[in-house]
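Enquirer: Let me give you the structure first, and then I'll get to my questions.
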Protein chains: 2
Amino acid sequence: MKRDSKLSGVLHVLLHMAEIDAPVTSETLARMMQTNPVVVRRVMAGLRAQGYVRSDKGHGGGWTLARDLESLTLLDIHRAIGAPPLFAIGHRNEAPGCAVEAAVNEALDSRLHQAEALLLSSFGEITLASLSRNFHRRLAERRAATTSGDHHGH
Amino acid sequence: MKRDSKLSGVLHVLLHMAEIDAPVTSETLARMMQTNPVVVRRVMAGLRAQGYVRSDKGHGGGWTLARDLESLTLLDIHRAIGAPPLFAIGHRNEAPGCAVEAAVNEALDSRLHQAEALLLSSFGEITLASLSRNFHRRLAERRAATTSGDHHGH
DNA sequence: TCTTTCGTAACATTTGAAGTTACATGAAAC
DNA sequence: GTTTCATGTAACTTCAAATGTTACGAAAGA
C-alpha cells in the first residue's frame, strides 16, 4: 500500500510560494515537488476552489497565495485536497450479514474514528505560518553552522 | 489508495474458529473471508509463528486456535500479520535536503506518530474475547428479534 | 498574432496487493 | 505402502489505484 503524499507535497509547495511573492508556474512547482505540471494543477485546483490560492493565465501568470498563512491550518489543506482517507486499514464489506463481521467492524471502526478525530483536530491546530517559522528557524541554524565551519564565527 | 483489510479478515476468521472447536481447513476459512486458500495460509503463517494458532496436515488437519481469546488483543494480531502501516498518508523523501521539506515532515510525522501510538494502545486493550462476547450478544439479539417476529414471544 | 500559462480530458505507466497455479511435504485412512 | 487430504511456499498473473503523460483548448499579455 503506497502512501499518499499529496498533503506533504502541497504544504511544501505553499511554503515555497510564501517565500517567492510572485506568481509561480506549475512548471516550477512541479520541479519542486519532483512531479509533473499537470499533477500540480490537479491538486492545486482544490486549493483554488477554497480560495486559498489564485491562478492566472498567460505571461507572468502562475499560482499565488490568496490567504495569510496564519489563517490556514493543515486541516484546511487536507480538506481542500479532497480529505483523502487517513488510514491504510479498514474492513472489507460495508453490509455484513455475518454477526462476526459486524462485531469486528464495530470494534475497529470505533477506534479508527476516535484516532481520526484526534489527528484531524491536531491538524486544525497547526497553521502554515507556524510551519513557515519552523522553516526559517532551520534556515538560520543551517546558516549559523555553515558560518562557524567557515571560521567566520565570533 | 486501497485499504488493507488483513486485520479485519484475520479477526473474522479467528472468531469463527473459536466457535467451531475443531481444525478448520484453509479452504473453509477462504470461503469465510471470500478469498483464496493460499492467501489464508499466507496470513495465518504470521499467527502461527507467534504461537497463536496451530496448523496440521493431512486428514482431519487444518487450523486450530492455540491460545485463549482472552489472552489475545488486536495489537497482538496486528503485529502478527506484520504490523502493516496504519496510515495512508505520509511524506515523500526521507532525506530532505530542503529545509521546507524538513519542517513539513517534522510537523506531520510528530502528529502521525502520536495518533499511531494512541491507536495501537487502544488496540492493545481490546481482547478477542471481548469481540467474541460482542458477537454472541448480537446473535442473541438477532434471535430475539426473529422469535418475536414469529409470534413466539411472551 | 504569437507566446505563455492554466484547464482538463484521455490515455499510459507503475506499483503493490491480491489471487492463482504448481508442486513439494507430511499425516492419516485404507 | 499407497492413496487421499491437507498445509508450505515459490513463482507467476491479474487487478486496481495512484501517478504520470500527452494533447489540445482557452485566456491573457507581449
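We name chains A, B, ... following the order of the C-alpha cells; residues begin at 1 in each chain, and ligands are numbered from 1 as shown.
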Which residues in chain A does DSSP call helix (DSSP H, G or I)? List them as an MDAnalysis selection string.
Expert: chainID A and resid 6:20 26:33 37:49 69:71 74:80 99:123 128:149
Enquirer: Write out as a list of chain:residue names the residues lying within 9 Å of DA27 in chain D, counting only C-alpha atoms (C1' of nucleotides) and excluding same-chain residues fewer than 5 positions away.
Expert: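 Near neighbours after the sequence-gap exclusion: A:Lys57, A:Gly58, C:DT5, C:DC6.
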Enquirer: Limited to N, CA and C atoms (P, O5', C5', C4', C3', O3' and C1' of nucleotides), could you put the picked residues into a file as a short mmCIF file (atom, residue, chain, number, x, y, z; two decimals), in the first residue's frame?
Expert:
data_model
loop_
_atom_site.label_atom_id
_atom_site.label_comp_id
_atom_site.auth_asym_id
_atom_site.auth_seq_id
_atom_site.Cartn_x
_atom_site.Cartn_y
_atom_site.Cartn_z
N LYS A 57 -3.57 33.01 -15.97
CA LYS A 57 -3.06 32.51 -17.24
C LYS A 57 -2.17 33.54 -17.92
N GLY A 58 -1.52 33.09 -18.95
CA GLY A 58 -0.73 33.99 -19.80
C GLY A 58 0.59 34.43 -19.21
P DT C 5 5.36 31.30 -18.65
"O5'" DT C 5 4.09 30.57 -18.05
"C5'" DT C 5 3.06 31.35 -17.48
"C4'" DT C 5 1.72 30.67 -17.59
"C3'" DT C 5 1.68 29.23 -17.09
"O3'" DT C 5 1.11 29.16 -15.80
"C1'" DT C 5 0.26 29.63 -18.96
P DC C 6 0.86 27.74 -15.05
"O5'" DC C 6 -0.72 27.65 -15.10
"C5'" DC C 6 -1.50 28.71 -14.59
"C4'" DC C 6 -2.92 28.62 -15.14
"C3'" DC C 6 -3.70 27.41 -14.62
"O3'" DC C 6 -5.05 27.80 -14.39
"C1'" DC C 6 -3.58 27.35 -16.96
#
Enquirer: Which residues come within 10 Å of Cys98 in chain A, counting only C-alpha atoms (C1' of nucleotides), excluding same-chain residues fewer than 6 positions away, as a PDB file with N, CA and C atoms, in the first residue's frame?
Expert:
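Now in out14.pdb:
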ATOM      1  N   HIS B  12     -11.972 -11.868  11.784  1.00  0.00           N
ATOM      2  CA  HIS B  12     -13.171 -12.587  11.374  1.00  0.00           C
ATOM      3  C   HIS B  12     -12.944 -14.096  11.489  1.00  0.00           C
ATOM      4  N   MET B  32     -15.015 -18.237   4.043  1.00  0.00           N
ATOM      5  CA  MET B  32     -15.495 -17.251   5.020  1.00  0.00           C
ATOM      6  C   MET B  32     -14.989 -15.848   4.707  1.00  0.00           C
ATOM      7  N   PHE B 135     -20.030 -10.458  19.687  1.00  0.00           N
ATOM      8  CA  PHE B 135     -20.642 -11.279  18.644  1.00  0.00           C
ATOM      9  C   PHE B 135     -21.816 -12.091  19.198  1.00  0.00           C
ATOM     10  N   LEU B 139     -25.827 -12.101  18.284  1.00  0.00           N
ATOM     11  CA  LEU B 139     -26.559 -13.308  17.910  1.00  0.00           C
ATOM     12  C   LEU B 139     -27.841 -13.412  18.716  1.00  0.00           C
TER      13      LEU B 139
END
Enquirer: Within 8 Å of chain A, which residues of chain B are there when counting only C-alpha atoms? Please give them as a VMD selection string.
Expert: chain B and resid 1 to 9 11 to 12 15 to 16 85 to 92 99 to 105 107 to 108 111 to 112 115 to 116 118 to 119 122 to 123 131 to 132 134 to 135 138 to 139
Enquirer: Using C-alpha atoms, can you export the residues from the last selection as a tab-separated table (two decimals), in the first residue's frame?
Expert:
chain	number	residue	atom	x	y	z
B	1	MET	CA	-5.35	4.13	-2.18
B	2	LYS	CA	-6.81	0.78	-1.39
B	3	ARG	CA	-7.46	-0.16	2.18
B	4	ASP	CA	-5.74	-3.10	3.71
B	5	SER	CA	-8.30	-5.36	5.34
B	6	LYS	CA	-5.99	-8.10	6.51
B	7	LEU	CA	-6.56	-7.32	10.15
B	8	SER	CA	-10.31	-7.35	9.84
B	9	GLY	CA	-10.17	-10.53	7.79
B	11	LEU	CA	-10.14	-11.32	13.20
B	12	HIS	CA	-13.17	-12.59	11.37
B	15	LEU	CA	-13.67	-15.61	15.88
B	16	HIS	CA	-15.20	-18.20	13.61
B	85	PRO	CA	1.40	0.75	8.16
B	86	LEU	CA	-1.71	2.21	9.74
B	87	PHE	CA	-1.71	5.46	7.85
B	88	ALA	CA	-2.49	6.15	4.26
B	89	ILE	CA	-0.65	9.44	4.27
B	90	GLY	CA	2.98	10.22	4.73
B	91	HIS	CA	5.73	12.22	3.19
B	92	ARG	CA	7.79	11.71	0.11
B	99	ALA	CA	14.53	22.94	4.79
B	100	VAL	CA	10.89	23.40	3.83
B	101	GLU	CA	10.55	19.69	3.41
B	102	ALA	CA	12.17	19.10	6.78
B	103	ALA	CA	9.77	21.47	8.52
B	104	VAL	CA	6.75	19.88	6.88
B	105	ASN	CA	7.91	16.36	7.64
B	107	ALA	CA	5.11	18.57	11.78
B	108	LEU	CA	3.32	15.75	10.01
B	111	ARG	CA	1.25	14.14	14.78
B	112	LEU	CA	1.12	10.90	12.91
B	115	ALA	CA	-2.03	9.25	16.63
B	116	GLU	CA	-0.42	5.92	15.88
B	118	LEU	CA	-2.90	6.14	20.63
B	119	LEU	CA	-4.41	3.77	18.13
B	122	SER	CA	-6.27	1.18	22.12
B	123	PHE	CA	-5.76	-1.96	20.06
B	131	LEU	CA	-15.10	-9.23	20.38
B	132	SER	CA	-16.45	-12.72	20.76
B	134	ASN	CA	-19.95	-8.78	21.40
B	135	PHE	CA	-20.64	-11.28	18.64
B	138	ARG	CA	-25.55	-9.75	18.58
B	139	LEU	CA	-26.56	-13.31	17.91
Enquirer: Kindly provide the residues of chain B that approach chain D to within 10 Å, each paired with its closest atom pair and their distance in Å to one decimal, based on only C-alpha atoms (C1' of nucleotides), listed by chain and increasing number, as a tab-separated table.
Expert:
residue	atom	partner	partner_atom	distance
B:Met1	CA	D:DA17	C1'	5.7
B:Lys2	CA	D:DA17	C1'	6.8
B:Thr25	CA	D:DA6	C1'	7.6
B:Ser26	CA	D:DT7	C1'	8.4
B:Glu27	CA	D:DA6	C1'	9.6
B:Val38	CA	D:DT9	C1'	9.4
B:Arg41	CA	D:DT7	C1'	7.9
B:Arg42	CA	D:DT9	C1'	9.0
B:Ala45	CA	D:DG8	C1'	9.4
B:Ser55	CA	D:DT7	C1'	7.3
B:Asp56	CA	D:DT7	C1'	6.9
B:Lys57	CA	D:DA6	C1'	4.6
B:Gly58	CA	D:DA6	C1'	4.3
B:His59	CA	D:DC5	C1'	5.0
B:Gly60	CA	D:DA6	C1'	7.9
B:Gly61	CA	D:DA6	C1'	5.9
B:Gly62	CA	D:DA6	C1'	6.8
B:Trp63	CA	D:DT7	C1'	9.5
Enquirer: As a list in words, list the residues of range 7-154 of chain B assigned to strand (DSSP E) by DSSP on the backbone atoms of this structure.
Expert: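 Output for range 7-154 of chain B, strand (DSSP E) only: Val53, Arg54, Ser55, Asp56, Gly62, Trp63, Thr64 and Leu65 of chain B.
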Enquirer: Can you spit out the residues from that selection as an mmCIF file, in the first residue's frame, using C-alpha atoms?
Expert:
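And here is the file that came out, selection_20.cif:
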data_model
loop_
_atom_site.group_PDB
_atom_site.id
_atom_site.type_symbol
_atom_site.label_atom_id
_atom_site.label_comp_id
_atom_site.auth_asym_id
_atom_site.auth_seq_id
_atom_site.Cartn_x
_atom_site.Cartn_y
_atom_site.Cartn_z
ATOM 1 C CA VAL B 53 -2.696 -20.835 16.067
ATOM 2 C CA ARG B 54 -1.572 -24.269 15.011
ATOM 3 C CA SER B 55 -1.756 -25.937 11.629
ATOM 4 C CA ASP B 56 -1.907 -29.656 10.959
ATOM 5 C CA GLY B 62 -6.403 -27.567 9.360
ATOM 6 C CA TRP B 63 -6.104 -24.587 11.661
ATOM 7 C CA THR B 64 -6.718 -24.553 15.388
ATOM 8 C CA LEU B 65 -6.599 -21.795 17.973
#
Enquirer: List every residue of chain C that has an atom at most 12 Å from any atom of chain A, giving for each one its closest atom pair and the distance in Å to one decimal, counting only C-alpha atoms (C1' of nucleotides), sorted by chain and then by ascending residue number, as a tab-separated table.
Expert:
residue	atom	partner	partner_atom	distance
C:DC2	C1'	A:His59	CA	11.7
C:DT3	C1'	A:His59	CA	8.0
C:DT4	C1'	A:Gly58	CA	4.9
C:DT5	C1'	A:Gly58	CA	4.5
C:DC6	C1'	A:Lys57	CA	5.2
C:DG7	C1'	A:Arg41	CA	8.2
C:DT8	C1'	A:Arg42	CA	9.0
C:DA9	C1'	A:Val38	CA	11.8
C:DT14	C1'	A:Lys2	CA	11.5
C:DT15	C1'	A:Lys2	CA	8.0
C:DG16	C1'	A:Met1	CA	5.9
C:DA17	C1'	A:Met1	CA	7.1
C:DA18	C1'	A:Met1	CA	11.6
Enquirer: Could you please determine the separation between CA of Pro37 in chain B and CA of Asp109 in chain A in Å, to one decimal place?
Expert: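 Rounded to one decimal, the two atoms are 26.7 Å apart.
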Enquirer: Determine the nearest neighbour of Ala83 in chain B from the options B:Ala140, B:Asp21, B:Val43, B:Thr127, counting only C-alpha atoms.
Expert: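 Using only C-alpha atoms, the shortest distance to Ala83 in chain B belongs to B:Val43.
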